[in-house]
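Quick notes on the structure that follows.
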Amino acid sequence: MLMSFVDSDEPYKYALISSSHDPVPLISPFYPAPMYDLDQDLTMPRIGGCFVSALRGLLCVRLLRSVRICNLTTMQRVTLPIITSRIVPENNENIWSYFGHEPVHDEYKVLSTVWEVSEEEKVVRSEHQVLVLGHGASWRSTRSTIPPPPHCPYMHGISINGVLYYGAWVDKNRCVVMSFDMRYEDIDLWFVQDAGKSGWSDKKSFVLPIFETRTLSMASRLLIQPTSHSSEICLKPEEINRHNPRCVIYDLERCKITRLINGMRIVDRFWGSTFMETTFWDDIESIMYLET
């Protein structure tokens, strides 16, 4: 198993940590699941850049408009073609990228968005390009049939069944939820079905038993982070420190904690970070040969 830790304020500060041994079984009402000790650092040296995302044993980072894909198993790395834009100059840093997997055709895609902001801090234009990893890869426009509203993403997002969901700003006072279909490359805006009632069209409630959260009892607030399993989420304290270095993996369908994660070994590296984004997944090895 593997977890990524990313400083939200400084995304060039990140770590990829795995467990090098089997989990420790704990039989106790205070520890309702096996404990994984993250003790193996998989971060590739001198890779540089800001963390984009990682999945299926591959890591994606971006340095300005240069995107790199790295294989954590073979230690191979490739640099993708430079991202170009028709709407913003090369020195403009309004750029966001996401690395994902399209399961139907077994394709890896990088989605990149650039945007232009007016003096009133409104996003007036945005451009969305896709690169399919493989021989002769190049950037092209998405196949979205309906142009999405101009927006600038502000979070890494979460993928569910081949669809990426992410938050985005359209102006300084309004944010929205966008989705990107990895197969059809449609970019859609999600909206509240009845604005007067402020209710989402599809909503479910989940109850986390109090006794199962005692491992996180020192946290003032719990944050929900994604995992590689559609039915599981990662619950973590708002700030990971020596007093509370653990996360839990919670299965929404079975309504129980399935794993405990001990992150004590990475606490010192992120000393002073106010918020870290974490992602957990099981598939960490890949023998895929990278080519462009």
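Each chain of the structure tokens is named A, B, ... in the order shown, its residues numbered from 1; ligands are numbered from 1 in display order.
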Exercise: A:Cys60 partners within 9 Å, only C-alpha atoms, chain neighbours under 6 positions left out, as a list in words: Cys50, Phe51, Val52, Ser53, Ala54, Val67, Arg68, Ile69, Cys70, Tyr98, Phe99 and Val110 of chain A
Nearest to A:Ile146: which of A:Ile187, A:Leu131, A:Val163, A:Ala168 is it, counting only C-alpha atoms?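 Once distances to A:Ile146 are computed over only C-alpha atoms, the minimum belongs to A:Ile187.
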Quick one: pull the distance between atom CA of A:Ser66 and atom CA of A:Ser179, Å, one decimal.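 For atom CA of A:Ser66 relative to atom CA of A:Ser179, the distance reads 23.8 Å.
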Considering only C-alpha atoms, can you say which of A:Glu232, A:Pro237, A:Glu185, A:Trp190 comes closest to A:Asp251? A:Glu232
Out of A:Cys175, A:Val78, A:Val117, A:Asp186, which residue has the shortest atom-to-atom distance to A:His135 when counting only C-alpha atoms?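 The shortest atom-to-atom distance to A:His135 comes from A:Val78.
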